[in-house]
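Enquirer: Before anything else, here's the structure in question.
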Amino acid sequence: MNYAQALTRYAQLVEQLKFMVKQAQRLPVDMATRYRVPPVRWHFNDPEGVYPYARAILASLNAGDSAGAGYNQIVDRLDPLDELLPRVPPELQRRLAMMYGTIQLVDSVVTTGIDQLGRIRSNGKQTMDAIANMESDAVASADQFHTQTALLNKIDGANVLALRVNETASQFQLHILEQLIVQNKRTRDTEAQLMNAHLFQWRYGSPYGRDLFSLTATRLNSWRQP
C-alpha cells in the first residue's frame, strides 16, 4: 500500500516538474529586437542658443522657474495699482481692480505652468532612463531576471513607474484646466462688460438722447447771427 502511494506521489511530482519546466520556457523570439521601440526623448528648447532674446523664458521652460523671472522678462510689467486706486472714482474702483486682478491671475497660472513644465522636462531624462532599464529587465535573457521573486519585483517597479508617469500627466492636465479657467473668466468678463454697456444704454440712453436733442434744439432756436 505504501509502495503504491509512493508511486502515485512520484508520478504527481514528475507531472509537476514537467509543468514547471513548461512554464519556465521563454518566448521563441528575440524580445529585445521584437518589442523594443526607440524612445522619443525630451528635447530642450534652443540648445544651440540661437534665440538670445528669448533665452530667459526658454531657460525657464527647460529647467523650471518658480519665481517667474524668465516670464517677467518677456511681458510688459503691470504698474502698481494701490496708490492710484483711491484716486479713481468709487464706481469704477471695483471694475478696475477686477481687470487688474484678471491680468495677475493670468500671470500666476502661466508662471506656475512654465515652472512645472520645466521641472518635468528636466526630470525627463531620469524618467526615460528608468523606463529603458525596466524594458531591458523585461527582455533580459539571464534566468535570474525571471524567477518568481524577480517577476514580482519587476511588476512592482512597473507599477511605481506608472504611478509616477500618471502623476506627471495629471500635472499637465491640471495646468490645461487652469488655462481653461482663465480663458473662461476673461470671456465672462468681456460678456459682462458688453451686457453692462447694453444695460447702461437702456437705462440712460433714451433720457440722455432726449436731453441732448432738446438742448441742441434750444440752442439752435436761440442762435442769432452776430
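In the C-alpha cells, chains take the letters A, B, ... in the order shown, each chain's residues start at 1, and ligands count up from 1 in the order shown.
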Once DSSP has gone over the backbone, tell me which residues of stretch 9-99 of chain A are in helix (DSSP H, G or I), as a PyMOL selection string.
Expert: chain A and resi 9-23+31-35+52-63+69-72+85-87+90-99
Enquirer: Write the selection just made, keeping C-alpha atoms, as a tab-separated table (two decimals), in the first residue's frame?
Expert:
chain	number	residue	atom	x	y	z
A	9	ARG	CA	3.22	10.57	-5.39
A	10	TYR	CA	6.25	10.12	-7.64
A	11	ALA	CA	4.08	10.36	-10.75
A	12	GLN	CA	2.50	13.54	-9.40
A	13	LEU	CA	5.91	15.08	-8.75
A	14	VAL	CA	7.05	14.20	-12.28
A	15	GLU	CA	3.95	15.91	-13.72
A	16	GLN	CA	4.52	18.94	-11.54
A	17	LEU	CA	8.14	19.11	-12.69
A	18	LYS	CA	7.09	18.87	-16.33
A	19	PHE	CA	4.57	21.65	-15.76
A	20	MET	CA	7.17	23.87	-14.09
A	21	VAL	CA	9.67	23.25	-16.90
A	22	LYS	CA	6.99	24.11	-19.45
A	23	GLN	CA	6.09	27.28	-17.58
A	31	MET	CA	12.24	40.01	-27.31
A	32	ALA	CA	14.77	42.84	-27.23
A	33	THR	CA	14.62	43.11	-31.03
A	34	ARG	CA	10.95	42.24	-31.50
A	35	TYR	CA	9.35	44.51	-28.88
A	52	PRO	CA	19.11	85.14	-27.39
A	53	TYR	CA	16.17	87.49	-26.81
A	54	ALA	CA	14.01	84.60	-25.60
A	55	ARG	CA	16.78	82.95	-23.61
A	56	ALA	CA	15.29	83.72	-20.19
A	57	ILE	CA	11.87	82.19	-20.85
A	58	LEU	CA	13.36	79.24	-22.74
A	59	ALA	CA	15.65	78.52	-19.79
A	60	SER	CA	12.57	78.54	-17.54
A	61	LEU	CA	10.83	76.07	-19.86
A	62	ASN	CA	13.90	73.85	-19.75
A	63	ALA	CA	14.58	73.76	-16.02
A	69	ALA	CA	11.90	85.55	-13.59
A	70	GLY	CA	12.06	84.35	-17.19
A	71	TYR	CA	8.39	85.05	-17.84
A	72	ASN	CA	8.61	88.54	-16.35
A	85	LEU	CA	-6.87	103.19	-6.89
A	86	PRO	CA	-8.09	105.70	-4.22
A	87	ARG	CA	-7.96	108.46	-6.85
A	90	PRO	CA	-15.59	104.96	-6.49
A	91	GLU	CA	-17.98	103.49	-9.04
A	92	LEU	CA	-15.01	102.44	-11.21
A	93	GLN	CA	-12.68	101.13	-8.49
A	94	ARG	CA	-14.13	97.62	-8.36
A	95	ARG	CA	-14.11	97.27	-12.14
A	96	LEU	CA	-10.52	98.49	-12.42
A	97	ALA	CA	-9.39	96.18	-9.60
A	98	MET	CA	-11.18	93.24	-11.24
A	99	MET	CA	-9.47	93.83	-14.59
Enquirer: Skip stretch 76-79 of chain A itself and residues of its chain fewer than 5 positions away, then list as a CSV table (one decimal) with N, CA and C atoms, in the first residue's frame all residues within 10 Å of it, counting only C-alpha atoms.
Expert:
chain,number,residue,atom,x,y,z
A,71,TYR,N,9.7,84.6,-17.3
A,71,TYR,CA,8.4,85.1,-17.8
A,71,TYR,C,8.3,86.6,-17.7
A,84,LEU,N,-2.8,104.3,-6.8
A,84,LEU,CA,-3.7,105.0,-7.8
A,84,LEU,C,-5.1,104.8,-7.5
A,100,TYR,N,-7.5,94.4,-13.3
A,100,TYR,CA,-6.1,94.2,-12.8
A,100,TYR,C,-5.9,92.8,-12.3
A,103,ILE,N,-5.5,90.1,-15.0
A,103,ILE,CA,-4.1,90.0,-15.5
A,103,ILE,C,-3.2,89.3,-14.5
A,104,GLN,N,-3.3,89.6,-13.3
A,104,GLN,CA,-2.5,88.9,-12.3
A,104,GLN,C,-2.8,87.4,-12.2
A,107,ASP,N,-0.9,85.9,-15.1
A,107,ASP,CA,0.5,85.8,-14.8
A,107,ASP,C,0.8,84.6,-13.8
Enquirer: Which polymer residues have any atom within 10 Å of an atom of A:Leu161, counting only C-alpha atoms, with same-chain residues fewer than 4 positions away left out, as a list of chain:residue names?
Expert: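 Answer for this query is A:Thr127, A:Ala130, A:Ile131, A:Met134, A:Ile155, A:Asp156, A:Gly157, A:Val165, A:Asn166, A:Glu167.
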Enquirer: Can you list, as an NGL selection string, every protein, DNA or RNA residue that comes within 12 Å of A:Gln126 when you count only C-alpha atoms, leaving out same-chain residues fewer than 5 positions away?
Expert: :A and (41-42 or 119-121 or 131-133 or 161 or 164-165)
Enquirer: When you draw a straight line from atom CA of A:Ser122 to atom CA of A:Thr168, how long is it in Å?
Expert: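 Interatomic distance, atom CA of A:Ser122 to atom CA of A:Thr168: 12.4 Å.
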Enquirer: Which of these residues is nearest to A:Asp137, using only C-alpha atoms: A:Thr190, A:Val106, A:Gln173, A:Arg36?
Expert: A:Arg36
Enquirer: To one decimal place, how far is atom CA of A:Leu180 from atom CA of A:Gly64 in Å?
Expert: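 Pair atom CA of A:Leu180 / atom CA of A:Gly64 returns 21.7 Å.
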